[in-house]
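Shown next: my_file09.csv, given as CSV, C-alpha atoms.
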chain,number,residue,atom,x,y,z
A,1,MET,CA,9.4,5.2,-15.5
A,2,ILE,CA,7.3,7.4,-17.8
A,3,TRP,CA,4.9,8.7,-15.3
A,4,ILE,CA,2.1,9.9,-17.7
A,5,LEU,CA,2.0,6.5,-19.4
A,6,ASP,CA,2.1,4.9,-15.9
A,7,ILE,CA,-0.9,6.9,-14.6
A,8,THR,CA,-2.9,6.3,-17.8
A,9,MET,CA,-2.3,2.5,-17.7
A,10,LEU,CA,-3.1,2.3,-14.0
A,11,PHE,CA,-6.3,4.2,-14.6
A,12,PHE,CA,-7.3,1.7,-17.4
A,13,LEU,CA,-6.3,-1.1,-15.0
A,14,VAL,CA,-8.9,0.0,-12.4
A,15,ILE,CA,-11.6,0.5,-15.0
A,16,CYS,CA,-10.9,-3.0,-16.4
A,17,ALA,CA,-11.0,-4.6,-12.9
A,18,ILE,CA,-14.3,-3.0,-12.0
A,19,ALA,CA,-15.8,-4.0,-15.4
A,20,ALA,CA,-14.6,-7.5,-15.1
A,21,ILE,CA,-16.3,-8.1,-11.8
A,22,SER,CA,-19.5,-6.2,-12.6
A,23,ILE,CA,-20.5,-7.6,-16.0
A,24,LYS,CA,-23.1,-10.3,-16.0
A,25,ASP,CA,-22.0,-12.1,-19.2
A,26,LEU,CA,-19.1,-14.3,-18.1
A,27,LEU,CA,-17.4,-14.5,-21.5
A,28,SER,CA,-17.2,-10.7,-21.6
A,29,ALA,CA,-15.8,-10.7,-18.1
A,30,ILE,CA,-13.1,-13.1,-19.1
A,31,ILE,CA,-12.1,-11.1,-22.2
A,32,ILE,CA,-11.9,-8.0,-20.0
A,33,LEU,CA,-9.7,-9.9,-17.6
A,34,SER,CA,-7.5,-10.8,-20.5
A,35,ALA,CA,-7.3,-7.1,-21.4
A,36,TYR,CA,-6.5,-6.3,-17.8
A,37,SER,CA,-3.6,-8.8,-17.8
A,38,LEU,CA,-2.2,-7.2,-21.0
A,39,ILE,CA,-2.4,-3.7,-19.6
A,40,MET,CA,-0.6,-5.0,-16.5
A,41,ALA,CA,2.1,-6.4,-18.8
A,42,ILE,CA,2.5,-3.0,-20.3
A,43,VAL,CA,2.8,-1.4,-16.8
A,44,TRP,CA,5.6,-3.9,-15.9
A,45,VAL,CA,7.6,-3.4,-19.0
A,46,GLU,CA,7.3,0.3,-18.5
A,47,MET,CA,8.6,-0.2,-14.9
A,48,HIS,CA,11.7,-1.9,-16.4
A,49,SER,CA,10.8,-5.4,-15.2
A,50,VAL,CA,10.8,-6.9,-18.8
A,51,ASP,CA,11.0,-10.6,-17.8
A,52,VAL,CA,7.9,-10.3,-15.6
A,53,GLY,CA,6.2,-8.3,-18.4
A,54,PHE,CA,6.4,-10.9,-21.1
A,55,THR,CA,5.7,-13.8,-18.8
A,56,GLU,CA,2.5,-12.0,-17.8
A,57,ALA,CA,1.6,-11.4,-21.4
A,58,ALA,CA,2.1,-15.0,-22.3
A,59,VAL,CA,0.8,-16.7,-19.2
A,60,GLY,CA,-1.6,-14.3,-17.7
A,61,ALA,CA,-3.3,-13.0,-20.8
A,62,GLY,CA,-2.8,-16.2,-22.8
A,63,ILE,CA,-3.1,-19.4,-20.8
A,64,THR,CA,-5.4,-18.1,-18.1
A,65,THR,CA,-7.9,-16.9,-20.7
A,66,VAL,CA,-7.8,-20.3,-22.5
A,67,LEU,CA,-8.4,-22.0,-19.2
A,68,PHE,CA,-11.4,-19.8,-18.3
A,69,ILE,CA,-13.0,-20.2,-21.8
A,70,ALA,CA,-12.5,-24.0,-21.6
A,71,THR,CA,-14.3,-23.9,-18.2
A,72,LEU,CA,-17.0,-21.8,-19.7
A,73,ALA,CA,-17.6,-24.2,-22.6
A,74,ARG,CA,-18.3,-27.0,-20.0
A,75,THR,CA,-20.5,-24.9,-17.8
A,76,GLU,CA,-22.9,-22.0,-18.2
A,77,GLY,CA,-22.1,-18.5,-19.5
A,78,ARG,CA,-24.5,-16.4,-17.5
A,79,SER,CA,-24.0,-15.0,-14.0
A,80,GLU,CA,-26.7,-13.6,-11.7
A,81,ASP,CA,-24.4,-10.9,-10.3
B,1,MET,CA,-0.8,19.5,4.1
B,2,SER,CA,1.6,19.6,1.2
B,3,GLY,CA,3.4,16.7,2.7
B,4,VAL,CA,0.2,14.6,2.5
B,5,ILE,CA,-0.3,15.6,-1.1
B,6,ASP,CA,3.3,14.7,-1.9
B,7,ILE,CA,2.8,11.3,-0.4
B,8,VAL,CA,-0.4,10.7,-2.4
B,9,TYR,CA,1.2,11.9,-5.6
B,10,ALA,CA,4.6,10.2,-5.3
B,11,GLU,CA,3.3,6.8,-4.2
B,12,TYR,CA,0.3,6.6,-6.6
B,13,ASN,CA,1.4,3.1,-7.6
B,14,TYR,CA,0.7,1.9,-4.1
B,15,TRP,CA,-2.8,3.6,-4.0
B,16,ILE,CA,-3.7,1.8,-7.2
B,17,TYR,CA,-2.4,-1.5,-5.9
B,18,VAL,CA,-4.6,-1.1,-2.7
B,19,THR,CA,-7.6,-0.2,-4.9
B,20,LEU,CA,-7.2,-3.2,-7.2
B,21,MET,CA,-6.7,-5.5,-4.1
B,22,MET,CA,-9.9,-4.3,-2.6
B,23,ILE,CA,-11.8,-4.7,-5.9
B,24,GLY,CA,-10.6,-8.3,-6.0
B,25,PHE,CA,-11.4,-8.9,-2.4
B,26,TYR,CA,-14.9,-7.6,-2.8
B,27,ALA,CA,-15.4,-9.9,-5.8
B,28,MET,CA,-14.2,-12.9,-3.8
B,29,ILE,CA,-16.6,-12.2,-0.9
B,30,ALA,CA,-19.7,-10.6,-2.4
B,31,LYS,CA,-20.1,-12.3,-5.8
B,32,LYS,CA,-22.3,-15.5,-5.8
B,33,ASN,CA,-21.0,-16.9,-9.1
B,34,LEU,CA,-17.9,-19.2,-8.6
B,35,ILE,CA,-16.2,-18.0,-11.8
B,36,LYS,CA,-16.6,-14.4,-10.7
B,37,LYS,CA,-14.8,-15.4,-7.4
B,38,VAL,CA,-11.9,-16.9,-9.4
B,39,ILE,CA,-11.7,-13.6,-11.5
B,40,GLY,CA,-11.6,-11.7,-8.2
B,41,ALA,CA,-8.8,-13.9,-6.9
B,42,ASN,CA,-6.8,-13.2,-10.1
B,43,ILE,CA,-7.2,-9.5,-9.7
B,44,PHE,CA,-6.1,-9.8,-6.0
B,45,GLN,CA,-3.0,-11.7,-7.1
B,46,THR,CA,-2.0,-9.3,-9.8
B,47,ALA,CA,-2.4,-6.4,-7.4
B,48,ILE,CA,0.1,-8.0,-5.1
B,49,PHE,CA,2.5,-8.5,-8.0
B,50,LEU,CA,2.1,-4.8,-8.9
B,51,PHE,CA,3.1,-3.9,-5.3
B,52,TYR,CA,6.3,-6.0,-5.5
B,53,VAL,CA,7.3,-4.6,-8.9
B,54,SER,CA,6.6,-1.1,-7.7
B,55,LEU,CA,8.9,-1.7,-4.8
B,56,ALA,CA,11.7,-2.8,-7.2
B,57,ASP,CA,11.4,0.3,-9.4
B,58,ILE,CA,14.0,3.1,-8.9
B,59,THR,CA,13.8,6.6,-10.3
B,60,ASP,CA,16.0,6.9,-13.4
B,61,GLY,CA,16.8,3.2,-13.1
B,62,THR,CA,17.1,0.9,-16.2
B,63,ALA,CA,16.2,-2.7,-16.8
B,64,PRO,CA,18.5,-5.1,-14.8
B,65,ILE,CA,20.6,-6.2,-17.9
B,66,ILE,CA,24.3,-5.5,-17.7
B,67,VAL,CA,25.3,-2.4,-19.8
B,68,GLY,CA,28.5,-2.6,-21.9
B,69,HIS,CA,29.0,-6.4,-21.5
B,70,GLY,CA,30.8,-8.1,-24.5
B,71,ALA,CA,33.8,-7.1,-26.6
B,72,GLU,CA,31.9,-5.2,-29.3
B,73,HIS,CA,30.7,-2.6,-26.7
B,74,ALA,CA,34.0,-2.4,-24.9
B,75,GLU,CA,34.1,1.4,-25.2
B,76,HIS,CA,31.0,1.6,-23.0
B,77,VAL,CA,32.5,-0.4,-20.1
B,78,GLU,CA,34.0,2.7,-18.3
B,79,HIS,CA,30.4,4.1,-18.1
B,80,ALA,CA,29.0,0.8,-16.7
B,81,ALA,CA,29.5,1.9,-13.1
B,82,ASP,CA,27.3,4.9,-13.5
B,83,VAL,CA,24.3,3.0,-14.6
B,84,ILE,CA,21.5,2.5,-12.0
B,85,TYR,CA,19.6,-0.8,-12.3
B,86,THR,CA,16.2,-1.6,-10.8
B,87,ASN,CA,16.2,-4.3,-8.1
B,88,PRO,CA,15.9,-7.7,-9.9
B,89,VAL,CA,15.2,-9.8,-6.8
B,90,PRO,CA,11.4,-8.9,-6.6
B,91,HIS,CA,11.2,-9.6,-10.3
B,92,CYS,CA,12.4,-13.2,-9.8
B,93,LEU,CA,9.9,-13.6,-6.9
B,94,ILE,CA,7.0,-12.4,-9.1
B,95,LEU,CA,8.1,-14.6,-12.0
B,96,THR,CA,7.7,-17.6,-9.8
B,97,ALA,CA,4.4,-16.2,-8.3
B,98,ILE,CA,2.8,-15.8,-11.8
B,99,VAL,CA,3.3,-19.4,-12.5
B,100,VAL,CA,1.9,-20.4,-9.1
B,101,ALA,CA,-1.1,-18.1,-9.8
B,102,VAL,CA,-1.9,-19.9,-13.1
B,103,SER,CA,-1.6,-23.3,-11.4
B,104,THR,CA,-4.1,-22.3,-8.6
B,105,THR,CA,-6.4,-20.8,-11.2
B,106,ALA,CA,-6.3,-24.1,-13.1
B,107,VAL,CA,-7.1,-26.1,-10.0
B,108,ALA,CA,-9.9,-23.8,-9.1
B,109,LEU,CA,-11.5,-24.1,-12.6
B,110,ALA,CA,-11.1,-27.9,-12.5
B,111,LEU,CA,-13.0,-27.9,-9.2
B,112,ILE,CA,-15.7,-25.6,-10.7
B,113,ILE,CA,-16.2,-28.0,-13.6
B,114,ARG,CA,-16.6,-30.9,-11.1
B,115,ILE,CA,-19.1,-28.9,-9.0
B,116,TYR,CA,-21.1,-27.9,-12.1
B,117,ASN,CA,-21.3,-31.6,-13.1
B,118,GLU,CA,-22.5,-32.5,-9.6
B,119,TYR,CA,-25.0,-29.7,-8.8
B,120,GLY,CA,-25.8,-28.3,-12.3
B,121,SER,CA,-25.2,-24.7,-11.2
B,122,LEU,CA,-22.4,-22.2,-10.5
B,123,ASP,CA,-24.4,-20.1,-8.1
B,124,GLU,CA,-23.2,-20.4,-4.5
B,125,ASP,CA,-26.7,-20.3,-3.0
B,126,VAL,CA,-28.1,-23.0,-5.3
B,127,ILE,CA,-25.1,-25.3,-4.5
B,128,LEU,CA,-25.4,-24.7,-0.8
B,129,ALA,CA,-29.2,-25.4,-0.9
B,130,ALA,CA,-28.6,-28.6,-2.9
B,131,ARG,CA,-26.0,-29.7,-0.4
B,132,ARG,CA,-28.4,-29.2,2.5
B,133,GLU,CA,-31.0,-31.3,0.7
B,134,LEU,CA,-28.5,-34.1,-0.2
B,135,GLN,CA,-26.8,-34.2,3.2
B,136,PRO,CA,-29.2,-32.8,5.9
B,137,GLU,CA,-26.7,-33.5,8.6
B,138,PHE,CA,-24.6,-30.5,7.3
B,139,SER,CA,-27.5,-28.1,7.4
B,140,GLU,CA,-27.6,-25.2,9.9
B,141,HIS,CA,-30.8,-26.4,11.4
B,142,ALA,CA,-29.6,-29.9,12.0
B,143,ARG,CA,-26.3,-28.6,13.4
B,144,GLN,CA,-28.1,-26.4,16.0
B,145,LYS,CA,-30.4,-29.3,16.9
B,146,GLY,CA,-27.4,-31.5,17.5
B,147,VAL,CA,-25.9,-28.8,19.7
B,148,ALA,CA,-29.2,-28.6,21.7
B,149,GLU,CA,-29.3,-32.4,22.1
B,150,VAL,CA,-25.7,-32.4,23.4
B,151,SER,CA,-26.4,-29.6,25.9
B,152,GLU,CA,-29.5,-31.5,27.2
B,153,GLN,CA,-27.4,-34.6,28.1
Represent the structure from my file as structure tokens, please.
Amino acid sequence: MIWILDITMLFFLVICAIAAISIKDLLSAIIILSAYSLIMAIVWVEMHSVDVGFTEAAVGAGITTVLFIATLARTEGRSED
Amino acid sequence: MSGVIDIVYAEYNYWIYVTLMMIGFYAMIAKKNLIKKVIGANIFQTAIFLFYVSLADITDGTAPIIVGHGAEHAEHVEHAADVIYTNPVPHCLILTAIVVAVSTTAVALALIIRIYNEYGSLDEDVILAARRELQPEFSEHARQKGVAEVSEQ
């Protein structure tokens, strides 16, 4: 484990999590959640769990984002909180 | 005192996982928008995955792939016993859990689309108000009235 990369990525992870739940525009929140998943994939590859890393990059950052955006296209894109 | 600092410093992955978990938990409880709740659930799930993968990690460990396997690398085989691998069992658990997480997200989003078609809003308060209007027997006032009638009998 490269600890300086680990700490930097975990710091970005917390920032992304706070931003994803506090932004009112839902499309922005979903894209930030996608970035969160991608940073999480980097953290896992860096912690030597490579199989989980690329599954998260494909499934967490890819399919989940597509599902969220498909939902957003059928509903409304604005949140009150 | 230095012991406490050592624990905070050495286990920082665990502190981040608890922080992320509480951020997701807060979003699930306090946010009124249903999509925001699903985003919170996603953050909660990945925080738990981070905990498991952090458990598996070993200092100076390498990825759990056999070193020196195969004839072309036969000269490395005598060093294979010295290699430290990270624990692969939590990785397998989390690989399964990621797929389950995507499935639950998909079901939640399908329910959200259905709710939006029915009530025309994603806001929790609007949906609950519409439900009380449509089915007054579920409202808090009617429920308390029913309790009062039962206690009178």
In Å, rounded to a single decimal, give me how far CA of Ile113 in chain B is from CA of Ile21 in chain A.
->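 Taking CA of Ile21 in chain A and CA of Ile113 in chain B, their separation equals 20.0 Å.
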Please identify every residue of chain B that has at least one atom no more than 7 Å from any atom of chain A, counting all atoms listed in the file, and report them as a VMD selection string.
-> chain B and resid 16 20 23 27 31 to 33 36 40 43 57 59 62 to 63 91 94 to 95 102 106 109 113 116
Record the distance separating CA of Pro64 in chain B and CA of Phe44 in chain B, expressed in Å with one decimal.
-> 26.5 Å
Which distance in Å separates CA of Asp123 in chain B and CA of Phe12 in chain A, to one decimal?
->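 Separation between CA of Asp123 in chain B and CA of Phe12 in chain A: 29.2 Å.
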Excluding Ala47 in chain B and any residue of its chain fewer than 5 positions from it, enumerate the residues within 10 Å of it, using all atoms listed in the file, and give them as a list in words.
-> Met40 of chain A; Tyr14, Ile16, Tyr17, Val18, Thr19, Leu20, Met21, Met22, Ile23, Gly24, Ala41, Asn42, Tyr52 and Val53 of chain B
Take the residues from that selection and write them out as a short mmCIF file (atom, residue, chain, number, x, y, z; two decimals), in the frame of the given file, keeping C-alpha atoms.
data_model
loop_
_atom_site.label_atom_id
_atom_site.label_comp_id
_atom_site.auth_asym_id
_atom_site.auth_seq_id
_atom_site.Cartn_x
_atom_site.Cartn_y
_atom_site.Cartn_z
CA MET A 40 -0.60 -5.00 -16.50
CA TYR B 14 0.70 1.90 -4.10
CA ILE B 16 -3.70 1.80 -7.20
CA TYR B 17 -2.40 -1.50 -5.90
CA VAL B 18 -4.60 -1.10 -2.70
CA THR B 19 -7.60 -0.20 -4.90
CA LEU B 20 -7.20 -3.20 -7.20
CA MET B 21 -6.70 -5.50 -4.10
CA MET B 22 -9.90 -4.30 -2.60
CA ILE B 23 -11.80 -4.70 -5.90
CA GLY B 24 -10.60 -8.30 -6.00
CA ALA B 41 -8.80 -13.90 -6.90
CA ASN B 42 -6.80 -13.20 -10.10
CA TYR B 52 6.30 -6.00 -5.50
CA VAL B 53 7.30 -4.60 -8.90
#
Nearest-residue call for Ala61 in chain A, choices A:Ala35, A:Ile42, A:Leu27, A:Ala19, using only C-alpha atoms =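 Closest to Ala61 in chain A of all the choices is A:Ala35.
Proximity ranking of B:Tyr119, B:Gln45, B:Ser151, B:Val107 relative to Glu133 in chain B places B:Tyr119 first, based on all atoms listed in the file.
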